[in-house]
Structures are given as C-alpha cells and as structure tokens.
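Everything below belongs to query-v7.txt, which stores compact mmCIF, C-alpha atoms.
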# COMPACT_ATOMS: atom_id res chain seq x y z
CA MET A 1 0.00 0.00 0.00
CA ARG A 2 1.47 3.35 -0.98
CA ILE A 3 0.30 6.40 0.93
CA ARG A 4 0.98 9.86 -0.41
CA VAL A 5 0.40 12.93 1.69
CA VAL A 6 -1.43 15.73 -0.10
CA ARG A 7 1.60 17.96 -0.28
CA SER A 8 3.32 15.48 -2.55
CA VAL A 9 0.48 14.99 -4.98
CA ARG A 10 1.46 17.70 -7.42
CA ARG A 11 1.98 16.11 -10.84
CA PRO A 12 2.63 17.56 -14.26
CA CYS A 13 -0.93 17.44 -15.46
CA GLY A 14 -0.25 18.07 -19.13
CA THR A 15 1.60 14.79 -19.55
CA ALA A 16 -0.30 12.71 -17.02
CA LEU A 17 -3.56 13.32 -18.82
CA LEU A 18 -2.32 11.16 -21.66
CA LEU A 19 -2.26 8.22 -19.28
CA HIS A 20 -5.24 8.76 -17.00
CA HIS A 21 -8.85 7.92 -17.57
CA PRO A 22 -11.42 10.62 -16.83
CA PRO A 23 -12.46 10.87 -13.16
CA GLY A 24 -15.15 8.42 -12.22
CA GLU A 25 -14.72 6.29 -15.33
CA VAL A 26 -15.33 2.63 -14.65
CA ARG A 27 -13.49 0.09 -16.79
CA THR A 28 -15.21 -3.07 -17.82
CA ALA A 29 -13.52 -6.44 -17.41
CA SER A 30 -13.04 -6.70 -21.16
CA GLU A 31 -11.40 -3.32 -21.35
CA ARG A 32 -8.93 -4.30 -18.64
CA GLU A 33 -8.18 -7.62 -20.28
CA LEU A 34 -7.39 -6.24 -23.72
CA PRO A 35 -4.52 -3.96 -22.71
CA MET A 36 -3.19 -6.57 -20.40
CA LYS A 37 -2.61 -8.86 -23.31
CA LEU A 38 -0.64 -6.16 -25.00
CA LEU A 39 1.54 -5.74 -21.96
CA LEU A 40 2.66 -9.33 -21.87
CA LEU A 41 3.76 -9.45 -25.47
CA ALA A 42 5.55 -6.19 -25.24
CA SER A 43 7.56 -7.35 -22.28
CA ALA A 44 9.08 -10.12 -24.31
CA ALA A 45 10.41 -7.72 -26.87
CA LEU A 46 12.06 -5.43 -24.39
CA ALA A 47 14.31 -7.88 -22.69
CA ALA A 48 16.34 -8.49 -25.82
CA THR A 49 18.09 -5.20 -25.64
CA LEU A 50 20.32 -4.28 -22.77
CA ALA A 51 21.28 -0.67 -22.27
CA PRO A 52 22.11 1.73 -19.47
CA ALA A 53 19.23 2.80 -17.28
CA VAL A 54 17.35 5.83 -18.45
CA THR A 55 18.59 9.04 -16.90
CA ALA A 56 16.65 12.18 -16.34
CA GLY A 57 17.48 14.87 -18.83
CA GLU A 58 19.05 12.34 -21.15
CA LYS A 59 17.61 11.74 -24.58
CA SER A 60 16.06 8.28 -24.58
CA PRO A 61 17.58 5.77 -27.01
CA THR A 62 15.50 4.65 -29.94
CA CYS A 63 15.57 1.41 -31.91
CA SER A 64 18.16 1.53 -34.64
CA ALA A 65 19.70 -1.15 -36.81
CA SER A 66 22.93 -0.91 -34.85
CA THR A 67 21.32 -1.54 -31.49
CA SER A 68 20.07 -5.12 -31.70
CA LYS A 69 17.95 -7.55 -33.64
CA MET A 70 14.96 -6.47 -31.63
CA SER A 71 15.61 -2.83 -32.32
CA ALA A 72 16.00 -3.39 -36.03
CA ASN A 73 12.67 -5.17 -36.30
CA SER A 74 10.72 -2.99 -33.89
CA ALA A 75 9.86 -0.29 -36.37
CA ALA A 76 7.70 -2.67 -38.42
CA GLY A 77 6.61 -5.37 -35.96
CA ASP A 78 3.84 -5.23 -33.38
CA ILE A 79 4.53 -5.59 -29.68
CA VAL A 80 4.12 -9.36 -29.70
CA SER A 81 6.29 -9.96 -32.77
CA THR A 82 8.99 -7.69 -31.41
CA ALA A 83 8.99 -9.49 -28.05
CA VAL A 84 9.14 -12.95 -29.61
CA ALA A 85 12.06 -11.93 -31.81
CA ALA A 86 14.02 -10.64 -28.81
CA GLY A 87 14.67 -14.12 -27.43
CA ASN A 88 15.00 -13.30 -23.72
CA PHE A 89 11.35 -12.76 -22.82
CA ASN A 90 10.41 -16.43 -22.77
CA THR A 91 8.65 -16.27 -19.40
CA LEU A 92 6.69 -13.25 -20.47
CA ALA A 93 5.67 -15.03 -23.67
CA THR A 94 4.53 -18.03 -21.63
CA ALA A 95 2.53 -15.79 -19.33
CA LEU A 96 0.88 -14.02 -22.24
CA GLN A 97 -0.21 -17.34 -23.69
CA ALA A 98 -1.55 -18.51 -20.33
CA ALA A 99 -3.46 -15.25 -19.87
CA GLY A 100 -4.87 -15.33 -23.42
CA LEU A 101 -3.45 -11.91 -24.23
CA VAL A 102 -1.40 -12.56 -27.35
CA GLU A 103 -4.02 -11.45 -29.85
CA THR A 104 -4.81 -8.38 -27.79
CA LEU A 105 -1.18 -7.24 -27.81
CA LYS A 106 -1.10 -7.69 -31.54
CA GLY A 107 -4.04 -5.30 -31.78
CA GLU A 108 -4.15 -1.69 -32.87
CA GLY A 109 -3.17 -0.01 -29.59
CA PRO A 110 -1.19 2.08 -29.08
CA PHE A 111 0.20 0.74 -25.81
CA THR A 112 3.21 1.41 -23.63
CA VAL A 113 4.59 -1.80 -22.14
CA PHE A 114 7.01 -1.98 -19.24
CA ALA A 115 8.42 -5.42 -20.04
CA PRO A 116 10.15 -7.64 -17.46
CA THR A 117 12.97 -9.82 -18.79
CA ASP A 118 13.44 -13.50 -17.99
CA ALA A 119 15.89 -12.41 -15.30
CA ALA A 120 13.18 -10.22 -13.79
CA PHE A 121 10.74 -13.14 -13.63
CA ALA A 122 13.51 -15.29 -12.10
CA LYS A 123 13.36 -13.08 -9.00
CA ILE A 124 9.90 -14.46 -8.25
CA PRO A 125 9.97 -17.73 -6.20
CA ARG A 126 9.44 -20.67 -8.56
CA ASP A 127 6.42 -22.02 -6.71
CA VAL A 128 4.75 -18.61 -6.72
CA LEU A 129 5.31 -18.16 -10.47
CA ALA A 130 4.17 -21.71 -11.24
CA ASP A 131 1.00 -21.14 -9.24
CA LEU A 132 0.33 -17.88 -11.06
CA LEU A 133 0.53 -19.64 -14.43
CA LYS A 134 -2.13 -22.23 -13.51
CA PRO A 135 -5.43 -22.01 -15.46
CA GLU A 136 -7.43 -21.43 -12.28
CA ASN A 137 -5.37 -18.30 -11.56
CA LYS A 138 -5.79 -16.74 -15.00
CA SER A 139 -7.56 -13.63 -13.65
CA LYS A 140 -4.71 -12.98 -11.21
CA LEU A 141 -2.19 -13.35 -14.02
CA VAL A 142 -4.15 -10.91 -16.16
CA ASP A 143 -4.14 -8.39 -13.29
CA VAL A 144 -0.35 -8.63 -13.01
CA LEU A 145 0.31 -8.36 -16.73
CA THR A 146 -2.05 -5.46 -17.35
CA TYR A 147 -0.33 -3.63 -14.47
CA HIS A 148 2.66 -3.37 -16.81
CA VAL A 149 0.70 -1.70 -19.62
CA VAL A 150 -0.24 1.97 -19.96
CA PRO A 151 -2.70 3.14 -22.64
CA GLY A 152 -1.14 5.30 -25.35
CA LYS A 153 2.41 5.69 -26.60
CA VAL A 154 4.55 7.21 -23.84
CA LEU A 155 8.20 7.70 -24.76
CA ALA A 156 11.00 7.93 -22.19
CA ALA A 157 11.19 11.71 -22.51
CA ASP A 158 7.60 11.87 -21.23
CA VAL A 159 7.95 9.13 -18.60
CA VAL A 160 10.58 11.11 -16.69
CA LYS A 161 8.15 14.01 -16.34
CA LEU A 162 5.61 11.90 -14.48
CA THR A 163 5.19 10.85 -10.87
CA ALA A 164 2.57 8.19 -11.66
CA ALA A 165 0.74 6.58 -14.57
CA THR A 166 -2.59 4.76 -14.71
CA THR A 167 -2.27 1.23 -16.08
CA VAL A 168 -4.70 -0.95 -18.00
CA ASN A 169 -5.16 -2.82 -14.72
CA GLY A 170 -6.78 0.34 -13.33
CA GLN A 171 -4.24 0.92 -10.60
CA ARG A 172 -1.37 3.38 -10.87
CA ILE A 173 2.34 2.73 -11.02
CA ASP A 174 4.63 5.20 -9.27
CA VAL A 175 7.37 6.80 -11.35
CA ARG A 176 10.53 7.92 -9.58
CA VAL A 177 13.72 9.59 -10.79
CA VAL A 178 16.55 9.27 -8.26
CA GLU A 179 20.06 10.42 -9.13
CA GLY A 180 19.32 10.03 -12.81
CA THR A 181 17.85 6.53 -12.56
CA VAL A 182 14.20 6.05 -13.51
CA SER A 183 12.07 3.35 -11.90
CA ILE A 184 8.42 2.31 -11.77
CA ASP A 185 7.24 0.90 -8.43
CA GLY A 186 10.90 0.32 -7.60
CA SER A 187 11.69 -1.58 -10.83
CA LYS A 188 14.56 0.02 -12.74
CA ILE A 189 14.06 0.83 -16.40
CA GLU A 190 17.01 -0.72 -18.24
CA LYS A 191 16.15 0.05 -21.88
CA THR A 192 13.74 2.54 -23.40
CA ASP A 193 11.87 3.48 -26.55
CA ILE A 194 11.74 0.18 -28.42
CA LEU A 195 9.29 1.35 -31.05
CA CYS A 196 6.64 -1.04 -32.40
CA SER A 197 3.85 -0.61 -34.93
CA ASN A 198 1.27 -0.53 -32.13
CA GLY A 199 3.19 1.13 -29.30
CA VAL A 200 6.47 1.24 -27.44
CA ILE A 201 8.35 -1.03 -25.04
CA HIS A 202 10.49 -0.09 -22.04
CA VAL A 203 12.51 -2.92 -20.44
CA ILE A 204 12.41 -3.27 -16.62
CA ASP A 205 14.49 -5.41 -14.25
CA THR A 206 11.74 -6.54 -11.84
CA VAL A 207 8.14 -7.71 -12.20
CA VAL A 208 5.87 -5.13 -10.52
CA MET A 209 2.84 -6.34 -8.60
CA PRO A 210 -0.53 -4.57 -8.24
CA SER A 211 -2.46 -4.52 -5.00
CA THR A 212 -4.44 -7.73 -4.54
CA ALA A 213 -6.40 -6.52 -1.49
CA ASN A 214 -9.91 -5.09 -1.86
CA LEU A 215 -10.94 -1.78 -0.30
CA VAL A 216 -12.10 -3.30 2.98
CA GLU A 217 -8.97 -5.44 3.35
CA THR A 218 -6.78 -2.43 2.54
CA ALA A 219 -8.51 -0.36 5.23
CA GLN A 220 -8.19 -3.18 7.75
CA ARG A 221 -4.45 -3.48 7.14
CA ALA A 222 -3.99 0.24 7.76
CA GLY A 223 -5.17 -0.21 11.35
CA THR A 224 -6.78 3.23 11.69
CA PHE A 225 -10.22 2.60 10.21
CA GLY A 226 -11.82 0.29 12.77
CA THR A 227 -14.93 2.41 13.22
CA LEU A 228 -15.41 2.87 9.48
CA ILE A 229 -15.21 -0.88 8.86
CA ALA A 230 -17.64 -1.61 11.72
CA ALA A 231 -20.04 0.97 10.28
CA ALA A 232 -19.77 -0.49 6.75
CA LYS A 233 -20.64 -3.93 8.08
CA ALA A 234 -23.55 -2.61 10.15
CA ALA A 235 -24.91 -0.75 7.10
CA GLY A 236 -24.62 -3.80 4.86
CA LEU A 237 -22.09 -2.09 2.57
CA ALA A 238 -18.93 -4.05 3.39
CA GLU A 239 -19.61 -6.83 0.89
CA THR A 240 -20.22 -4.31 -1.89
CA LEU A 241 -16.93 -2.57 -1.13
CA MET A 242 -15.15 -5.91 -1.16
CA LYS A 243 -16.43 -7.27 -4.47
CA ASP A 244 -17.79 -4.49 -6.66
CA GLY A 245 -16.24 -1.31 -7.97
CA PRO A 246 -14.06 0.35 -8.74
CA PHE A 247 -14.84 2.95 -6.07
CA THR A 248 -13.11 5.96 -4.57
CA ILE A 249 -13.45 5.97 -0.79
CA LEU A 250 -13.17 9.11 1.33
CA ALA A 251 -12.17 7.29 4.51
CA PRO A 252 -12.59 8.95 7.92
CA THR A 253 -10.09 7.67 10.46
CA ASP A 254 -11.02 6.49 13.95
CA ALA A 255 -9.94 9.94 15.16
CA ALA A 256 -12.37 11.53 12.70
CA PHE A 257 -15.29 9.49 14.08
CA ALA A 258 -14.18 10.43 17.61
CA LYS A 259 -14.90 14.10 16.77
CA LEU A 260 -18.64 13.37 16.54
CA PRO A 261 -20.80 14.18 19.58
CA PRO A 262 -20.77 11.50 22.31
CA GLY A 263 -23.16 8.65 21.56
CA THR A 264 -23.51 9.48 17.85
CA VAL A 265 -21.56 6.49 16.56
CA GLU A 266 -23.21 4.10 19.01
CA GLY A 267 -26.63 5.32 17.92
CA LEU A 268 -25.86 4.98 14.20
CA LEU A 269 -24.67 1.40 14.68
CA LYS A 270 -28.07 0.28 16.04
CA PRO A 271 -30.08 -1.93 13.63
CA GLU A 272 -32.99 0.52 13.53
CA ASN A 273 -30.63 3.20 12.13
CA LYS A 274 -29.18 1.02 9.36
CA GLU A 275 -30.61 3.08 6.50
CA LYS A 276 -29.46 6.37 8.02
CA LEU A 277 -25.98 4.96 8.53
CA ALA A 278 -25.88 3.63 4.97
CA ASN A 279 -26.76 7.05 3.55
CA ILE A 280 -23.98 8.70 5.57
CA LEU A 281 -21.43 6.16 4.39
CA LYS A 282 -22.54 6.51 0.75
CA LEU A 283 -21.61 10.19 1.01
CA HIS A 284 -18.05 8.94 1.32
CA VAL A 285 -18.10 6.78 -1.83
CA ILE A 286 -17.58 7.94 -5.43
CA SER A 287 -18.05 5.62 -8.39
CA GLY A 288 -14.83 4.89 -10.30
CA ARG A 289 -11.21 5.64 -9.46
CA VAL A 290 -10.61 9.34 -8.87
CA TYR A 291 -7.01 10.07 -7.95
CA ALA A 292 -6.00 13.20 -6.07
CA ASP A 293 -4.60 15.05 -9.09
CA GLN A 294 -7.85 14.39 -10.92
CA ALA A 295 -9.95 15.53 -7.95
CA ARG A 296 -8.02 18.81 -7.90
CA LYS A 297 -9.38 19.63 -11.34
CA LEU A 298 -12.99 19.18 -10.24
CA SER A 299 -15.32 21.57 -8.45
CA GLU A 300 -17.53 18.77 -7.11
CA ALA A 301 -17.85 15.00 -7.02
CA PRO A 302 -21.07 12.93 -7.21
CA THR A 303 -21.44 10.31 -4.48
CA LEU A 304 -23.35 7.03 -4.28
CA GLU A 305 -25.76 8.77 -1.92
CA GLY A 306 -26.79 11.03 -4.79
CA ARG A 307 -25.45 14.33 -3.53
CA LYS A 308 -22.43 16.13 -4.93
CA LEU A 309 -19.58 17.07 -2.62
CA PRO A 310 -17.82 20.41 -3.19
CA ILE A 311 -14.07 20.23 -3.81
CA GLU A 312 -11.61 22.96 -2.88
CA ALA A 313 -7.94 22.72 -3.77
CA SER A 314 -4.93 24.90 -3.07
CA ARG A 315 -1.26 24.28 -3.58
CA ASP A 316 -0.83 22.34 -0.35
CA ALA A 317 -4.35 21.32 0.63
CA LEU A 318 -7.34 19.41 -0.70
CA THR A 319 -10.79 19.55 0.88
CA ILE A 320 -13.76 17.40 -0.16
CA GLY A 321 -17.19 17.89 1.36
CA GLY A 322 -15.65 20.11 4.01
CA ALA A 323 -13.27 17.38 5.17
CA LYS A 324 -9.53 17.85 4.83
CA VAL A 325 -7.75 15.14 2.85
CA SER A 326 -4.69 14.07 4.84
CA ALA A 327 -3.39 11.21 2.67
CA THR A 328 -4.19 10.21 -0.89
CA ASP A 329 -4.06 7.57 -3.58
CA ILE A 330 -3.98 4.38 -1.51
CA ASP A 331 -4.53 1.78 -4.22
CA ALA A 332 -6.71 -1.30 -3.74
CA LYS A 333 -7.70 -4.04 -6.15
CA ASN A 334 -11.13 -2.47 -6.69
CA GLY A 335 -10.54 1.22 -6.07
CA VAL A 336 -8.59 3.92 -4.31
CA ILE A 337 -8.73 5.41 -0.82
CA HIS A 338 -8.20 9.01 0.31
CA VAL A 339 -7.95 9.60 4.06
CA ILE A 340 -10.04 12.45 5.55
CA ASP A 341 -9.98 14.04 8.98
CA SER A 342 -13.74 14.43 9.51
CA VAL A 343 -16.92 12.47 8.92
CA ILE A 344 -19.05 14.00 6.16
CA LEU A 345 -22.67 14.38 7.27
CA PRO A 346 -25.77 15.28 5.22
CA SER A 347 -26.51 18.98 5.46
What is this structure when it is put down as structure tokens?
Amino acid sequence: MRIRVVRSVRRPCGTALLLHHPPGEVRTASERELPMKLLLLASAALAATLAPAVTAGEKSPTCSASTSKMSANSAAGDIVSTAVAAGNFNTLATALQAAGLVETLKGEGPFTVFAPTDAAFAKIPRDVLADLLKPENKSKLVDVLTYHVVPGKVLAADVVKLTAATTVNGQRIDVRVVEGTVSIDGSKIEKTDILCSNGVIHVIDTVVMPSTANLVETAQRAGTFGTLIAAAKAAGLAETLMKDGPFTILAPTDAAFAKLPPGTVEGLLKPENKEKLANILKLHVISGRVYADQARKLSEAPTLEGRKLPIEASRDALTIGGAKVSATDIDAKNGVIHVIDSVILPS
C-alpha cells in the first residue's frame, strides 16, 4: 500500500492526462483484459536489448539497426512480434499465452509496455510463479500483466516528467527519478523506446505487482479505520466494497469518528438506524477511481448517496465535502482510498 500525503500529490498534469482515464470512469472487465494482453507481449520484446538505465534529462535511445535484432525489427513489428524476436522474454511469452493476451497485444493499440525480462521473472519464487501460471489463476495473471501496460504511446522523454501513470489494470504505477535513474514501483528501467507498430516497449528489471487486497482489506491493514469498517458492516455495505467497484473511498479515520458528539456512533450502529448509517457512508463513496490530481481539477464529485460534494484545492491542501484530505491515492484491487480528517454528514 502506498500512501501519499497531499503535499506530494502535485503532478505535471499536461503529460499525465495522456495516461489517466477521466475521473469516475469505470473500466469493464473486457477493457482491462485487452490492454493486459498487450503488456505481456511487449515485455518479451524489451528484454532483448540491454542498455544503461534511463537518466533524467538524457535523450532516450531509440531502436536503430545498430542496437540489436529487436531494435531493427521494432519499427515494423507489433509488440508481440517484437517481443518474440528478442529471445530473452520467454517467461513473459509463456505468461501471455496462459493469460490469453497474445491477440490483444497484436491489436491496434497504441500501448506502452514496461516489459520484465526472464531475469526479472527469475526473481519471483518458482512455486509462486508456477501457481500464477495455472489455469485457475488466470484472472490474477491478467491483473499482473495489465499492471505493466499503460494506454497510449509514452516515450521515455515523457515518462521522466511523471510521478505516476494509470495502467490498463486500473491501478497506478509510481514513477521515480533518483540520481538520474528512472524506476516504476521500484523496478529500474534498463532500456527505453523500443518502437513497435502498435506502441512502445520499455525494459524493466523486476516484475511489478498490483495490489491484490480489496478496499475493505486495505482499510483493515492500515489499522486506523476500525470504526469505518464496523459501520460499513452494520450498514450492509462491506460486501459491496469488497467485491464491486471500482470505487473511490473518502475514509474517515477512527480519530475523525471520535470528533462526533458523544453517543452518535453508538446510535448509528443500532439496527434501527441502518438506512441512516448507509446514507452517511454513501456520502463517502464515489463511483470509479478518482485520484488526487484528478480531484483537484474538479469543483464537485457525485457520491453514491446522490449528492455532490464540493471540492476545494490549493497548492498544499485538498478539501472534499468540508473534510480535509490528509493522505491520498492508496490503491486497492477495486478502487482507491483518500484519508479524511472528519466524517461527512448530510446537510
């Protein structure tokens, strides 16, 4: 779980918009599966070329005849063909076949694939990788592979300007530039800008993993949302937040609930107040994934309760529905959580 305080959420919007879906947009399962297929094939192509890690301010290398076999063929071949020709993305190719994504990655695109090499996959324990490749775990494999694919063609010169990018999986990968080395979720980019007919491949040295916990599990692991979880269960909303989505949760901490008048929480948790409690909690839920930088561009956000919450943003602060957002962009398998310091109540 990655928690970002509001002060660090400033991102270069002009470039990030190429990667992010509109606020509140909900992807269908088929939409997530298609790009995922592309990711797998692209990964195979990347591994073939070994080059110094991308450095900030440096012009990213492009595929030329003098670079490698993969580079020479990349200009004409699609992501899958380029990966297969590389020769050192065998595990990725196997995974793509197991996930049923080969045809997708040969599609129109364009896609940006962060492709793990065979050496990157070798870092995963053998039993874990073997289990992931089993037919019964196909959906999990798809989630992992699509987490390596970003919609659109994003060259290295644009990657270094970002702090995060939304993947086909739906979750975001963090982009970091430290002392000239670029990484995504801690995986170093070893080779960049392998151009294909339907996108571009960047080679990475480690397989990156998306969150596998749902919103309720993610909140439980944080340890500061005990009252919120108890309320969601009492209101009959916990199961929805565990299985459906994606949702954006404005999550009041235990300290936020403690600000309410004495006896308020106890009263709301009574069975006869279930509907009232559910309506309050729905004020804290927005359909789709809305990340902090996207929320900053909005003046209001519609909730599942039906009302729209006003949004106010300044350079160092973000307020939604009158509640101050203290931490943002905590990814979960089926949504994203923003932490707030007060419980939002119907006016």
Exercise. With distances taken over all atoms listed in the file, which of A:Pro262, A:Gly109, A:Gly87, A:Pro246 is nearest to Asn169 of chain A?
Worked result: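 Looking only at the distances to Asn169 of chain A, the closest residue turns out to be A:Pro246.
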For this session: Using all atoms listed in the file, give me every residue within 9 Å of (2.2, -5.8, -30.9) in file coordinates, as a PyMOL selection string.
Result: chain A and resi 38-39+41-42+77-83+102-111+196-200
Any chance you could export the current selection's C-alpha atoms as a PDB file, in the coordinates of the input?
ATOM      1  CA  LEU A  38      -0.640  -6.160 -25.000  1.00  0.00           C
ATOM      2  CA  LEU A  39       1.540  -5.740 -21.960  1.00  0.00           C
ATOM      3  CA  LEU A  41       3.760  -9.450 -25.470  1.00  0.00           C
ATOM      4  CA  ALA A  42       5.550  -6.190 -25.240  1.00  0.00           C
ATOM      5  CA  GLY A  77       6.610  -5.370 -35.960  1.00  0.00           C
ATOM      6  CA  ASP A  78       3.840  -5.230 -33.380  1.00  0.00           C
ATOM      7  CA  ILE A  79       4.530  -5.590 -29.680  1.00  0.00           C
ATOM      8  CA  VAL A  80       4.120  -9.360 -29.700  1.00  0.00           C
ATOM      9  CA  SER A  81       6.290  -9.960 -32.770  1.00  0.00           C
ATOM     10  CA  THR A  82       8.990  -7.690 -31.410  1.00  0.00           C
ATOM     11  CA  ALA A  83       8.990  -9.490 -28.050  1.00  0.00           C
ATOM     12  CA  VAL A 102      -1.400 -12.560 -27.350  1.00  0.00           C
ATOM     13  CA  GLU A 103      -4.020 -11.450 -29.850  1.00  0.00           C
ATOM     14  CA  THR A 104      -4.810  -8.380 -27.790  1.00  0.00           C
ATOM     15  CA  LEU A 105      -1.180  -7.240 -27.810  1.00  0.00           C
ATOM     16  CA  LYS A 106      -1.100  -7.690 -31.540  1.00  0.00           C
ATOM     17  CA  GLY A 107      -4.040  -5.300 -31.780  1.00  0.00           C
ATOM     18  CA  GLU A 108      -4.150  -1.690 -32.870  1.00  0.00           C
ATOM     19  CA  GLY A 109      -3.170  -0.010 -29.590  1.00  0.00           C
ATOM     20  CA  PRO A 110      -1.190   2.080 -29.080  1.00  0.00           C
ATOM     21  CA  PHE A 111       0.200   0.740 -25.810  1.00  0.00           C
ATOM     22  CA  CYS A 196       6.640  -1.040 -32.400  1.00  0.00           C
ATOM     23  CA  SER A 197       3.850  -0.610 -34.930  1.00  0.00           C
ATOM     24  CA  ASN A 198       1.270  -0.530 -32.130  1.00  0.00           C
ATOM     25  CA  GLY A 199       3.190   1.130 -29.300  1.00  0.00           C
ATOM     26  CA  VAL A 200       6.470   1.240 -27.440  1.00  0.00           C
TER      27      VAL A 200
END
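Closest to Asn279 of chain A among A:Ala232, A:Val203, A:Leu309, A:Leu241 is A:Ala232, based on all atoms listed in the file.
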Exercise. Which polymer residues have any atom within 6 Å of an atom of Asp193 of chain A, counting all atoms listed in the file, with same-chain residues fewer than 2 positions away left out, as an MDAnalysis selection string?
Worked result: chainID A and resid 62 155 195 200:202
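Of the residues under consideration (A:Glu239, A:Asp331, A:Glu305, A:Glu136), A:Glu305 shows the shortest atom-to-atom contact distance to Lys276 of chain A when counting all atoms listed in the file.
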Missing atoms in segment 88-100 of chain A should be modelled up to N, CA and C atoms and reported as a PDB file, keeping the file's coordinate frame.
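Written output follows (rebuild_30.pdb):
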ATOM      1  N   ASN A  88      14.782 -13.185 -25.161  1.00  0.00           N
ATOM      2  CA  ASN A  88      15.000 -13.300 -23.720  1.00  0.00           C
ATOM      3  C   ASN A  88      13.783 -12.831 -22.919  1.00  0.00           C
ATOM      4  N   PHE A  89      12.618 -13.033 -23.505  1.00  0.00           N
ATOM      5  CA  PHE A  89      11.350 -12.760 -22.820  1.00  0.00           C
ATOM      6  C   PHE A  89      10.476 -14.027 -22.842  1.00  0.00           C
ATOM      7  N   ASN A  90      11.119 -15.168 -22.678  1.00  0.00           N
ATOM      8  CA  ASN A  90      10.410 -16.430 -22.770  1.00  0.00           C
ATOM      9  C   ASN A  90       9.320 -16.581 -21.704  1.00  0.00           C
ATOM     10  N   THR A  91       9.631 -16.156 -20.476  1.00  0.00           N
ATOM     11  CA  THR A  91       8.650 -16.270 -19.400  1.00  0.00           C
ATOM     12  C   THR A  91       7.468 -15.353 -19.660  1.00  0.00           C
ATOM     13  N   LEU A  92       7.753 -14.186 -20.141  1.00  0.00           N
ATOM     14  CA  LEU A  92       6.690 -13.250 -20.470  1.00  0.00           C
ATOM     15  C   LEU A  92       5.803 -13.829 -21.572  1.00  0.00           C
ATOM     16  N   ALA A  93       6.428 -14.432 -22.570  1.00  0.00           N
ATOM     17  CA  ALA A  93       5.670 -15.030 -23.670  1.00  0.00           C
ATOM     18  C   ALA A  93       4.775 -16.149 -23.151  1.00  0.00           C
ATOM     19  N   THR A  94       5.309 -16.944 -22.226  1.00  0.00           N
ATOM     20  CA  THR A  94       4.530 -18.030 -21.630  1.00  0.00           C
ATOM     21  C   THR A  94       3.337 -17.474 -20.862  1.00  0.00           C
ATOM     22  N   ALA A  95       3.591 -16.409 -20.117  1.00  0.00           N
ATOM     23  CA  ALA A  95       2.530 -15.790 -19.330  1.00  0.00           C
ATOM     24  C   ALA A  95       1.448 -15.206 -20.222  1.00  0.00           C
ATOM     25  N   LEU A  96       1.854 -14.601 -21.307  1.00  0.00           N
ATOM     26  CA  LEU A  96       0.880 -14.020 -22.240  1.00  0.00           C
ATOM     27  C   LEU A  96      -0.023 -15.102 -22.833  1.00  0.00           C
ATOM     28  N   GLN A  97       0.579 -16.234 -23.150  1.00  0.00           N
ATOM     29  CA  GLN A  97      -0.210 -17.340 -23.690  1.00  0.00           C
ATOM     30  C   GLN A  97      -1.197 -17.844 -22.641  1.00  0.00           C
ATOM     31  N   ALA A  98      -0.707 -17.998 -21.408  1.00  0.00           N
ATOM     32  CA  ALA A  98      -1.550 -18.510 -20.330  1.00  0.00           C
ATOM     33  C   ALA A  98      -2.696 -17.552 -20.010  1.00  0.00           C
ATOM     34  N   ALA A  99      -2.448 -16.255 -20.178  1.00  0.00           N
ATOM     35  CA  ALA A  99      -3.460 -15.250 -19.870  1.00  0.00           C
ATOM     36  C   ALA A  99      -4.383 -14.980 -21.063  1.00  0.00           C
ATOM     37  N   GLY A 100      -4.043 -15.546 -22.229  1.00  0.00           N
ATOM     38  CA  GLY A 100      -4.870 -15.330 -23.420  1.00  0.00           C
ATOM     39  C   GLY A 100      -4.782 -13.912 -23.945  1.00  0.00           C
TER      40      GLY A 100
END
